[in-house]
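What follows is the content of start.txt, which has compact mmCIF, C-alpha atoms:
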```
# COMPACT_ATOMS: atom_id res chain seq x y z
CA MET E 6 16.46 -40.70 7.85
CA ALA E 7 16.66 -43.48 5.29
CA THR E 8 15.74 -42.65 1.71
CA LEU E 9 12.75 -44.26 0.01
CA GLY E 10 15.16 -46.37 -2.05
CA GLU E 11 16.76 -47.80 1.07
CA LEU E 12 13.34 -48.59 2.52
CA GLU E 13 12.35 -50.37 -0.69
CA ARG E 14 15.47 -52.50 -0.39
CA SER E 15 14.73 -53.41 3.26
CA VAL E 16 11.13 -54.29 2.46
CA MET E 17 12.15 -56.43 -0.53
CA ASN E 18 14.76 -58.24 1.56
CA ALA E 19 12.06 -59.02 4.12
CA LEU E 20 9.68 -60.23 1.40
CA TRP E 21 12.37 -62.39 -0.20
CA ASN E 22 13.04 -63.99 3.17
CA SER E 23 9.39 -64.69 3.95
CA VAL E 24 7.81 -67.96 2.83
CA ASP E 25 4.18 -67.00 2.20
CA GLY E 26 4.24 -63.22 2.10
CA MET E 27 3.77 -60.54 4.72
CA THR E 28 1.16 -57.96 5.61
CA ALA E 29 2.07 -54.31 6.01
CA ALA E 30 1.81 -54.79 9.78
CA ASP E 31 4.20 -57.79 9.63
CA LEU E 32 6.67 -55.66 7.72
CA ARG E 33 6.41 -52.85 10.22
CA VAL E 34 7.33 -55.30 12.97
CA ALA E 35 10.12 -56.87 10.91
CA LEU E 36 11.60 -53.43 10.31
CA ALA E 37 11.00 -52.26 13.89
CA ASP E 38 14.52 -50.83 14.13
CA ARG E 39 13.49 -48.25 11.52
CA ASP E 40 10.43 -47.17 13.48
CA LEU E 41 8.20 -46.75 10.44
CA ALA E 42 4.66 -45.46 10.33
CA LEU E 43 2.21 -47.92 8.77
CA THR E 44 1.40 -45.39 6.05
CA THR E 45 5.08 -45.29 5.10
CA VAL E 46 5.13 -49.08 4.76
CA HIS E 47 2.05 -48.85 2.53
CA THR E 48 3.67 -46.16 0.38
CA VAL E 49 6.77 -48.30 -0.09
CA LEU E 50 4.68 -51.38 -0.90
CA THR E 51 2.62 -49.49 -3.49
CA ARG E 52 5.81 -48.29 -5.15
CA LEU E 53 7.25 -51.80 -5.18
CA GLU E 54 4.02 -53.11 -6.69
CA LYS E 55 4.14 -50.47 -9.43
CA LYS E 56 7.75 -51.29 -10.21
CA GLY E 57 6.95 -54.96 -10.59
CA PHE E 58 8.88 -56.20 -7.56
CA ALA E 59 5.97 -57.16 -5.32
CA ARG E 60 2.42 -58.34 -5.76
CA ARG E 61 -0.57 -58.16 -3.48
CA ASP E 62 -2.71 -61.13 -2.48
CA ARG E 63 -6.18 -59.63 -2.10
CA SER E 64 -7.97 -62.87 -1.16
CA GLU E 65 -7.91 -62.09 2.55
CA ARG E 66 -7.73 -59.04 4.78
CA PRO E 67 -5.33 -57.56 5.58
CA HIS E 68 -3.72 -57.96 2.15
CA ARG E 69 -0.56 -60.01 2.02
CA TYR E 70 2.40 -58.90 -0.09
CA LEU E 71 4.67 -61.34 -1.88
CA ALA E 72 7.82 -60.92 -3.92
CA LEU E 73 6.99 -61.25 -7.61
CA SER E 74 10.28 -62.92 -8.50
CA THR E 75 13.19 -64.25 -6.48
CA ARG E 76 16.15 -62.05 -5.73
CA GLU E 77 18.27 -64.25 -7.99
CA GLU E 78 15.93 -63.68 -10.92
CA HIS E 79 16.26 -59.94 -10.53
CA VAL E 80 20.04 -60.18 -10.21
CA ALA E 81 20.03 -62.19 -13.44
CA GLU E 82 17.94 -59.49 -15.13
CA LEU E 83 20.37 -56.81 -13.99
CA MET E 84 23.45 -58.79 -15.01
CA ASN E 85 21.93 -59.45 -18.42
CA GLU E 86 21.72 -55.76 -19.01
CA VAL E 87 25.22 -55.11 -17.73
CA LEU E 88 26.81 -57.83 -19.83
CA ASP E 89 24.66 -57.28 -22.93
CA GLN E 90 26.81 -57.41 -26.04
CA ALA E 91 24.42 -55.27 -28.07
CA SER E 92 26.27 -52.02 -28.27
CA ASP E 93 23.18 -49.89 -28.73
CA ARG E 94 22.67 -50.55 -25.04
CA GLN E 95 25.80 -48.56 -24.34
CA ALA E 96 23.74 -45.41 -24.03
CA VAL E 97 22.14 -46.78 -20.87
CA LEU E 98 25.21 -47.89 -18.96
CA ALA E 99 28.92 -47.39 -19.34
CA ARG E 100 30.87 -50.44 -18.27
CA PHE E 101 34.43 -50.65 -17.16
CA LEU E 102 35.61 -52.96 -19.92
CA GLY E 103 32.88 -52.25 -22.38
CA THR E 104 31.02 -55.16 -23.94
CA VAL E 105 31.54 -54.25 -27.56
CA SER E 106 31.51 -57.08 -30.04
CA ASP E 107 34.92 -58.31 -30.88
CA SER E 108 36.80 -58.47 -34.12
CA ASP E 109 39.70 -60.16 -32.44
CA THR E 110 43.05 -60.49 -34.09
CA ALA E 111 45.67 -63.07 -33.22
CA PHE E 112 48.18 -60.31 -32.69
CA LEU E 113 46.13 -58.54 -30.08
CA SER E 114 45.24 -61.68 -28.16
CA ARG E 115 48.91 -62.66 -28.08
CA LEU E 116 49.70 -59.20 -26.81
CA LEU E 117 47.14 -59.57 -24.06
CA GLN E 118 48.28 -63.08 -23.07
CA ARG E 119 51.90 -62.02 -22.92
CA ARG E 120 51.07 -59.07 -20.69
CA GLY E 121 48.94 -61.32 -18.51
CA ALA E 122 51.82 -63.75 -18.09
CA ASP E 123 54.27 -61.00 -17.17
CA SER E 124 52.33 -59.83 -14.16
CA MET Q 27 21.90 -27.64 -59.52
CA LEU Q 28 21.85 -31.18 -60.81
CA PHE Q 29 25.59 -31.08 -60.40
CA SER Q 30 25.52 -30.05 -56.74
CA ALA Q 31 22.75 -32.55 -55.98
CA VAL Q 32 24.83 -35.33 -57.47
CA LEU Q 33 27.89 -34.08 -55.59
CA LEU Q 34 26.02 -34.06 -52.26
CA THR Q 35 24.60 -37.52 -52.91
CA ALA Q 36 28.10 -38.74 -53.66
CA LEU Q 37 29.30 -37.18 -50.41
CA ALA Q 38 26.51 -38.93 -48.50
CA VAL Q 39 27.44 -42.27 -50.06
CA VAL Q 40 31.13 -41.81 -49.34
CA LEU Q 41 30.35 -40.85 -45.73
CA ALA Q 42 27.99 -43.78 -45.34
CA TRP Q 43 30.26 -46.49 -46.59
CA PRO Q 44 33.95 -46.24 -47.62
CA ILE Q 45 35.01 -43.66 -45.06
CA PRO Q 46 33.64 -45.42 -41.94
CA ARG Q 47 35.10 -48.68 -43.26
CA LEU Q 48 38.49 -47.11 -43.70
CA PHE Q 49 38.23 -45.54 -40.27
CA ALA Q 50 37.21 -48.76 -38.57
CA ARG Q 51 40.17 -50.58 -40.08
CA TYR Q 52 42.65 -48.33 -38.29
CA PRO Q 53 41.22 -48.18 -34.79
CA GLY Q 54 44.32 -46.98 -32.92
CA SER Q 55 44.36 -43.32 -32.17
CA ARG Q 56 46.80 -40.91 -30.61
CA ASP Q 57 44.06 -38.41 -30.14
CA PRO Q 58 40.71 -40.05 -29.33
CA ALA Q 59 38.97 -36.70 -28.86
CA ALA Q 60 39.86 -35.62 -32.41
CA ARG Q 61 38.71 -38.95 -33.77
CA LEU Q 62 35.44 -38.71 -31.88
CA LEU Q 63 34.85 -35.26 -33.37
CA LEU Q 64 35.42 -36.70 -36.85
CA TRP Q 65 32.90 -39.48 -36.23
CA GLN Q 66 30.36 -36.93 -35.09
CA ALA Q 67 31.01 -34.84 -38.20
CA ILE Q 68 30.72 -37.90 -40.47
CA GLY Q 69 27.37 -38.87 -38.96
CA LEU Q 70 25.92 -35.38 -39.07
CA ALA Q 71 27.29 -34.53 -42.53
CA GLY Q 72 26.03 -37.83 -43.96
CA GLY Q 73 22.47 -37.07 -42.93
CA LEU Q 74 22.67 -33.40 -43.94
CA SER Q 75 24.14 -34.03 -47.39
CA LEU Q 76 21.54 -36.64 -48.30
CA THR Q 77 18.69 -34.41 -47.12
CA SER Q 78 20.14 -31.39 -48.93
CA ALA Q 79 20.61 -33.36 -52.15
CA VAL Q 80 17.00 -34.53 -52.12
CA LEU Q 81 15.69 -31.01 -51.46
CA ILE Q 82 17.81 -29.46 -54.25
CA LEU Q 83 16.53 -32.08 -56.68
CA ALA Q 84 12.99 -31.44 -55.53
CA PHE Q 85 13.14 -27.73 -56.34
CA MET Q 86 15.01 -28.12 -59.62
CA PRO Q 87 12.35 -26.54 -61.87
CA PHE Q 88 12.48 -23.43 -59.68
CA THR Q 89 16.20 -23.16 -59.79
CA ARG Q 90 16.26 -23.83 -63.52
CA ALA Q 91 13.64 -21.18 -64.27
CA PRO Q 92 15.10 -18.44 -66.47
CA GLY Q 93 13.38 -15.50 -64.82
CA PRO Q 94 10.94 -14.49 -62.11
CA ALA Q 95 8.13 -14.62 -64.65
CA GLU Q 96 8.10 -18.40 -64.72
CA GLY Q 97 9.53 -19.28 -61.30
CA GLY Q 98 8.16 -18.40 -57.93
CA SER Q 99 4.94 -20.29 -58.33
CA LEU Q 100 4.39 -23.62 -56.66
CA SER Q 101 2.44 -24.80 -59.70
CA ALA Q 102 5.78 -25.16 -61.44
CA LEU Q 103 6.33 -28.26 -59.31
CA SER Q 104 5.21 -31.54 -60.77
CA TRP Q 105 4.32 -34.71 -58.86
CA TRP Q 106 7.86 -36.01 -58.74
CA ASN Q 107 9.03 -32.75 -57.16
CA TRP Q 108 6.50 -33.20 -54.40
CA LEU Q 109 7.57 -36.80 -54.03
CA LEU Q 110 11.14 -35.64 -53.50
CA VAL Q 111 10.07 -32.90 -51.07
CA GLY Q 112 8.18 -35.54 -49.11
CA LEU Q 113 11.16 -37.87 -49.23
CA GLY Q 114 13.51 -35.15 -47.99
CA ALA Q 115 11.17 -34.17 -45.19
CA ALA Q 116 10.61 -37.81 -44.23
CA LEU Q 117 14.35 -38.43 -44.15
CA LEU Q 118 15.01 -35.44 -41.94
CA LEU Q 119 12.09 -36.32 -39.70
CA ARG Q 120 13.23 -39.93 -39.45
CA LEU Q 121 16.72 -38.93 -38.33
CA LEU Q 122 15.45 -36.41 -35.80
CA SER Q 123 12.63 -38.55 -34.45
CA SER Q 124 14.95 -41.52 -34.02
CA LEU Q 125 16.96 -39.34 -31.63
CA VAL Q 126 13.88 -38.49 -29.59
CA ILE Q 127 12.52 -42.03 -29.63
CA HIS Q 128 15.86 -43.46 -28.60
CA TRP Q 129 16.19 -40.88 -25.83
CA ILE Q 130 12.80 -41.91 -24.43
CA ARG Q 131 13.66 -45.60 -24.69
CA VAL Q 132 16.99 -45.05 -22.94
CA GLN Q 133 15.32 -43.08 -20.16
CA ARG Q 134 12.84 -45.90 -19.59
CA GLN Q 135 15.56 -48.57 -19.50
CA ARG Q 136 17.66 -46.44 -17.21
CA ARG Q 137 14.77 -45.96 -14.79
CA ARG Q 138 14.12 -49.70 -14.73
CA HIS Q 139 17.80 -50.37 -14.15
CA ALA Q 140 17.95 -47.77 -11.37
CA ALA Q 141 15.00 -49.50 -9.67
CA LEU Q 142 16.86 -52.82 -9.83
CA VAL Q 143 20.02 -51.23 -8.47
CA ALA Q 144 18.06 -49.65 -5.62
CA VAL Q 145 16.66 -52.96 -4.34
CA LEU Q 146 19.62 -55.22 -5.16
CA THR Q 147 22.70 -53.24 -4.14
CA GLU Q 148 23.96 -51.72 -0.94
CA PRO Q 149 25.63 -48.32 -0.65
CA SER Q 150 29.39 -48.56 -0.27
CA GLN Q 151 30.69 -47.64 3.18
CA GLU Q 152 33.86 -46.04 1.84
CA LEU Q 153 33.10 -44.62 -1.59
CA PRO Q 154 30.54 -41.89 -2.28
CA HIS Q 155 27.90 -42.45 -5.02
CA THR Q 156 29.00 -46.07 -5.23
CA ARG Q 157 26.91 -49.18 -4.65
CA ILE Q 158 27.92 -52.78 -4.15
CA LEU Q 159 26.26 -55.70 -5.94
CA LYS Q 160 26.70 -59.18 -4.44
CA VAL Q 161 27.75 -61.32 -7.42
CA ASP Q 162 30.90 -63.31 -8.14
CA GLU Q 163 31.37 -61.90 -11.64
CA LEU Q 164 33.70 -58.96 -12.04
CA VAL Q 165 31.62 -56.02 -13.09
CA ALA Q 166 31.96 -52.28 -12.77
CA TYR Q 167 29.70 -49.83 -14.50
CA CYS Q 168 28.03 -46.53 -14.06
CA LEU Q 169 24.48 -45.40 -14.37
CA PRO Q 170 23.91 -41.76 -15.23
CA GLN Q 171 21.21 -40.62 -12.81
CA GLY Q 172 20.83 -37.68 -10.52
CA GLN Q 173 23.55 -35.13 -10.03
CA HIS Q 174 26.50 -37.44 -9.51
CA GLY Q 175 25.44 -40.66 -11.15
CA THR Q 176 25.92 -44.04 -9.55
CA THR Q 177 28.88 -46.36 -9.87
CA VAL Q 178 28.13 -50.05 -9.28
CA LEU Q 179 30.89 -52.47 -8.28
CA SER Q 180 30.46 -56.21 -7.75
CA THR Q 181 31.77 -58.01 -4.68
CA GLY Q 182 33.63 -60.27 -7.14
CA LEU Q 183 35.51 -57.27 -8.45
CA ILE Q 184 36.34 -55.97 -4.98
CA ALA Q 185 37.68 -59.40 -4.01
CA ALA Q 186 39.81 -59.73 -7.16
CA LEU Q 187 41.36 -56.27 -7.26
CA SER Q 188 43.64 -54.46 -4.85
CA PRO Q 189 42.21 -51.29 -3.27
CA ALA Q 190 44.39 -49.14 -5.55
CA GLU Q 191 43.16 -51.00 -8.63
CA ARG Q 192 39.57 -50.68 -7.45
CA ASP Q 193 40.03 -46.93 -6.98
CA ALA Q 194 41.39 -46.74 -10.52
CA VAL Q 195 38.25 -48.48 -11.82
CA VAL Q 196 36.06 -46.05 -9.89
CA ALA Q 197 38.03 -43.10 -11.30
CA HIS Q 198 37.40 -44.46 -14.81
CA GLU Q 199 33.65 -44.73 -14.15
CA ARG Q 200 33.53 -41.23 -12.68
CA ALA Q 201 35.25 -39.96 -15.82
CA HIS Q 202 32.41 -41.45 -17.92
CA LEU Q 203 29.85 -39.77 -15.70
CA ARG Q 204 31.59 -36.40 -15.50
CA SER Q 205 32.23 -36.23 -19.24
CA ARG Q 206 28.59 -37.18 -19.92
CA HIS Q 207 29.69 -39.96 -22.24
CA GLU Q 208 26.15 -41.33 -22.35
CA LEU Q 209 25.18 -38.22 -24.34
CA VAL Q 210 28.10 -38.75 -26.71
CA VAL Q 211 26.97 -42.30 -27.46
CA LEU Q 212 23.27 -41.49 -27.70
CA PRO Q 213 23.01 -40.19 -31.31
CA PHE Q 214 25.18 -43.04 -32.62
CA ALA Q 215 23.05 -45.59 -30.77
CA ALA Q 216 19.89 -43.91 -32.06
CA TRP Q 217 21.02 -43.97 -35.69
CA GLN Q 218 22.25 -47.52 -35.43
CA HIS Q 219 18.77 -48.38 -34.19
CA ALA Q 220 17.09 -46.38 -36.95
CA LEU Q 221 19.39 -47.61 -39.76
CA PRO Q 222 20.28 -51.20 -38.82
CA PHE Q 223 20.93 -52.02 -42.49
CA LEU Q 224 23.72 -49.44 -42.72
CA PRO Q 225 27.08 -50.99 -41.78
CA ALA Q 226 28.49 -47.52 -41.17
CA ALA Q 227 26.01 -46.92 -38.36
CA ARG Q 228 27.20 -50.04 -36.53
CA GLN Q 229 30.86 -49.27 -37.18
CA ALA Q 230 30.45 -45.72 -35.95
CA LEU Q 231 28.72 -46.85 -32.77
CA ASP Q 232 31.30 -49.56 -32.20
CA GLN Q 233 34.19 -47.14 -32.65
CA VAL Q 234 32.63 -44.44 -30.50
CA THR Q 235 32.00 -46.85 -27.63
CA ARG Q 236 35.68 -47.84 -27.82
CA LEU Q 237 36.82 -44.22 -27.97
CA ILE Q 238 34.94 -43.22 -24.83
CA GLU Q 239 36.62 -46.06 -22.92
CA VAL Q 240 40.04 -44.77 -23.95
CA MET Q 241 39.00 -41.21 -23.15
CA ALA Q 242 37.75 -42.23 -19.69
CA ASP Q 243 41.16 -43.84 -19.07
CA ASP Q 244 42.90 -40.64 -20.12
CA VAL Q 245 40.83 -38.64 -17.63
CA ALA Q 246 41.24 -41.21 -14.84
CA ARG Q 247 45.03 -41.05 -15.22
CA ARG Q 248 45.00 -37.49 -13.95
CA THR Q 249 43.94 -38.73 -10.51
CA VAL Q 250 45.11 -42.36 -10.29
CA PRO Q 251 48.34 -44.06 -11.41
CA ALA Q 252 48.11 -45.48 -14.94
CA ASP Q 253 49.78 -48.68 -13.65
CA ASP Q 254 46.88 -49.39 -11.30
CA LEU Q 255 44.36 -48.82 -14.06
CA ALA Q 256 46.34 -51.09 -16.40
CA ALA Q 257 46.54 -53.78 -13.73
CA ALA Q 258 42.77 -53.60 -13.26
CA VAL Q 259 42.10 -53.89 -17.01
CA ARG Q 260 44.50 -56.84 -17.26
CA GLU Q 261 43.00 -58.64 -14.29
CA MET Q 262 39.40 -58.14 -15.36
CA SER Q 263 39.96 -59.17 -18.96
CA ARG Q 264 41.84 -62.25 -17.71
CA LEU Q 265 39.14 -63.34 -15.27
CA GLN Q 266 36.12 -62.37 -17.36
CA ALA Q 267 37.44 -63.00 -20.84
CA GLY Q 268 34.08 -64.19 -22.12
CA HIS Q 269 32.25 -60.99 -21.36
CA TYR Q 270 34.56 -58.34 -22.61
CA SER Q 271 36.28 -57.32 -25.79
CA ARG Q 272 39.89 -58.47 -25.97
CA THR Q 273 40.77 -55.98 -28.66
CA LEU Q 274 39.48 -53.11 -26.59
CA SER Q 275 41.36 -54.33 -23.51
CA ALA Q 276 44.56 -54.68 -25.53
CA GLU Q 277 44.07 -51.24 -27.03
CA ARG Q 278 43.63 -49.72 -23.59
CA LEU Q 279 46.60 -51.58 -22.13
CA ALA Q 280 48.84 -50.46 -24.97
CA ARG Q 281 47.92 -46.85 -24.22
CA LEU Q 282 48.10 -47.18 -20.42
CA GLU Q 283 51.59 -48.65 -20.51
CA HIS Q 284 53.08 -45.55 -22.09
CA PRO Q 285 53.05 -41.90 -21.13
CA LEU Q 286 50.04 -40.14 -22.62
CA PRO Q 287 50.91 -39.10 -26.17
CA ARG Q 288 50.78 -35.38 -26.69
CA PRO Q 289 48.00 -34.56 -29.12
CA SER Q 290 49.44 -32.78 -32.13
CA GLY Q 291 48.06 -29.25 -32.39
CA ALA Q 292 48.29 -29.28 -36.19
CA LEU Q 293 46.36 -32.53 -36.43
CA ARG Q 294 43.73 -31.25 -34.07
CA SER Q 295 43.24 -28.02 -36.01
CA ALA Q 296 43.02 -29.99 -39.26
CA VAL Q 297 40.37 -32.28 -37.75
CA VAL Q 298 38.34 -29.33 -36.47
CA ILE Q 299 38.48 -27.60 -39.88
CA VAL Q 300 37.58 -30.76 -41.81
CA SER Q 301 34.72 -31.56 -39.42
CA ALA Q 302 33.32 -28.05 -39.60
CA ALA Q 303 33.58 -28.03 -43.40
CA LEU Q 304 31.84 -31.41 -43.63
CA VAL Q 305 28.94 -30.33 -41.47
CA VAL Q 306 28.52 -26.80 -42.82
CA SER Q 307 28.88 -27.32 -46.56
CA PRO Q 308 25.80 -29.45 -47.37
CA PRO Q 309 23.29 -26.99 -45.87
CA VAL Q 310 25.20 -24.02 -47.30
CA VAL Q 311 25.15 -25.54 -50.78
CA ALA Q 312 21.43 -26.27 -50.40
CA VAL Q 313 20.60 -22.76 -49.22
CA VAL Q 314 22.67 -21.13 -51.99
CA GLU Q 315 21.02 -23.31 -54.64
CA LEU Q 316 17.52 -22.71 -53.39
CA LEU Q 317 18.03 -18.95 -52.99
CA SER Q 318 19.39 -18.64 -56.52
CA VAL Q 319 15.88 -19.12 -57.87
```

Could you take the file, read its structure, and then write that structure out as structure tokens?
Amino acid sequence: MATLGELERSVMNALWNSVDGMTAADLRVALADRDLALTTVHTVLTRLEKKGFARRDRSERPHRYLALSTREEHVAELMNEVLDQASDRQAVLARFLGTVSDSDTAFLSRLLQRRGADS
Amino acid sequence: MLFSAVLLTALAVVLAWPIPRLFARYPGSRDPAARLLLWQAIGLAGGLSLTSAVLILAFMPFTRAPGPAEGGSLSALSWWNWLLVGLGAALLLRLLSSLVIHWIRVQRQRRRHAALVAVLTEPSQELPHTRILKVDELVAYCLPQGQHGTTVLSTGLIAALSPAERDAVVAHERAHLRSRHELVVLPFAAWQHALPFLPAARQALDQVTRLIEVMADDVARRTVPADDLAAAVREMSRLQAGHYSRTLSAERLARLEHPLPRPSGALRSAVVIVSAALVVSPPVVAVVELLSV
């Protein structure tokens, strides 16, 4: 049984691949291998709408769902947060190399270059 | 009374400016845990001493009163006393509320980030609680959420590092999560946000974020070879120089290339005693002064 998060990812991938949006029924067919009930698809779509990933086109019935932004735009948003230099953001994520602002010294950069050259 | 108020104000000033400056100038540390404790004591004692000083000043006519005949009545307080009481209360409230406000803000950002991670990354086939993000940049980070937290690795990182190096990176991230480092950073981030004009707040936050990186390395070394971790740091700082701090990388490499220094017991005890004294004395002085009415 896939978690709701995994379903959200599958639905978003389908929406990102579609040109002019999909209805809940379209999505159910596209994700046939998961054997979803239509209500489940609706639940996932409502959640995605609330989170600002998808929007609903209400001009015709059944409603069509479209991705609000491209996948790349969301990746950029995520990467911005990860690489943010503002250190008060450190409370949200811990990063492997940190992104603290640098008061570099010549000595330390030489040290780093030398070590890099050794390996 | 005036004397202790002046003394506490002086302590607050010293803790807010010269001491953090001095500390920041000598970043290297044999014992990052002891240094972290000192930073926590400096932050807490700074706030407490300033608040205590203001409150002692506010109640000066009480404490100066010769006998119970004159003291003990609130009418002895003039407008400037009330102003100081208000100032003290506002200061205390500001410091405490900034913690709460920052906590709420962090929770909101974290939820948003978790939603992004959920739709953009795939669960790793090999590593538990780890997700893979398809980007060429080398990134590894962790998101405290749920029981185990989530570690996110980029495909760029997996391609650039050997499996042993990648495992070392994951061990480092798990150390952050297990040690709840996000809670360590939180008050410093909150106060930096509340007091952006105070250089000490930025220096403290900057130093603490460096210390937790070193501490996560120390923990990771219990389960993975230090050489692999060092190789990963070297490789990432070489390939992603623009994004990361060179000084921090150099600091970590210098530590990873030697056996872990044994923390000195004497130093540690001294740090614990100094920290406790710093934090306890301002409120004790305030209580003694105010009770001696």

Calculated over only C-alpha atoms, which of the candidates E:Leu20, E:Leu32, E:Phe58, E:Leu73 has the smallest distance to Thr45 of chain E?
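For Thr45 of chain E, the nearest of the candidates is E:Leu32.
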
Using only C-alpha atoms, can you tell me which of E:Arg61, E:His68, E:Lys56, E:Arg33 comes closest to chain Q?
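Of the candidates, the smallest distance to chain Q is held by E:Lys56.
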
Select all residues from chain Q having any atom no more than 6 Å from an atom of chain E (counting only C-alpha atoms, ignoring ligands), output as a list in words.
Val132, Arg136, Ala144, Val145, Ala166, Tyr167, Cys168, Leu169, Glu208, Val211, Leu212, Ala215, Tyr270, Ser271, Thr273 and Ala276 of chain Q

How many Å separate atom CA of His155 of chain Q from atom CA of Thr176 of chain Q?
5.2 Å

Here is a test: counting only C-alpha atoms, which residue of Q:Leu164, Q:Ile158, Q:Ala230, Q:Met27 is nearest to Leu265 of chain Q?
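Once distances to Leu265 of chain Q are computed over only C-alpha atoms, the minimum belongs to Q:Leu164.
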
Write out as a PDB file with C-alpha atoms, keeping the file's coordinate frame each polymer residue whose atoms come within 7 Å of Leu159 of chain Q, counting only C-alpha atoms; drop sequence neighbours fewer than 6 positions from it.
```pdb
ATOM      1  CA  LEU Q 146      19.620 -55.220  -5.160  1.00  0.00           C
ATOM      2  CA  THR Q 147      22.700 -53.240  -4.140  1.00  0.00           C
ATOM      3  CA  GLU Q 148      23.960 -51.720  -0.940  1.00  0.00           C
ATOM      4  CA  VAL Q 178      28.130 -50.050  -9.280  1.00  0.00           C
ATOM      5  CA  LEU Q 179      30.890 -52.470  -8.280  1.00  0.00           C
ATOM      6  CA  SER Q 180      30.460 -56.210  -7.750  1.00  0.00           C
ATOM      7  CA  THR Q 181      31.770 -58.010  -4.680  1.00  0.00           C
TER       8      THR Q 181
END
```

Could you tell me which of Q:Leu293, Q:Ala71, Q:Ala50, Q:Ala141 comes closest to Arg52 of chain E if we count only C-alpha atoms?
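Looking only at the distances to Arg52 of chain E, the closest residue turns out to be Q:Ala141.
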
Can you measure atom CA of Arg63 of chain E to atom CA of Thr28 of chain E for me? One decimal in Å is fine.
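Computing the Euclidean distance for atom CA of Arg63 of chain E and atom CA of Thr28 of chain E yields 10.8 Å.
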
First collect every listed atom of segment 130-137 of chain Q; then fit an axis-aligned box around them, widen it by 3 Å on each side, and give centre and edge lengths in Å to one decimal, as AutoDock Vina command-line options.
```
--center_x 15.2 --center_y -45.2 --center_z -19.7 --size_x 10.9 --size_y 12.7 --size_z 15.9
```
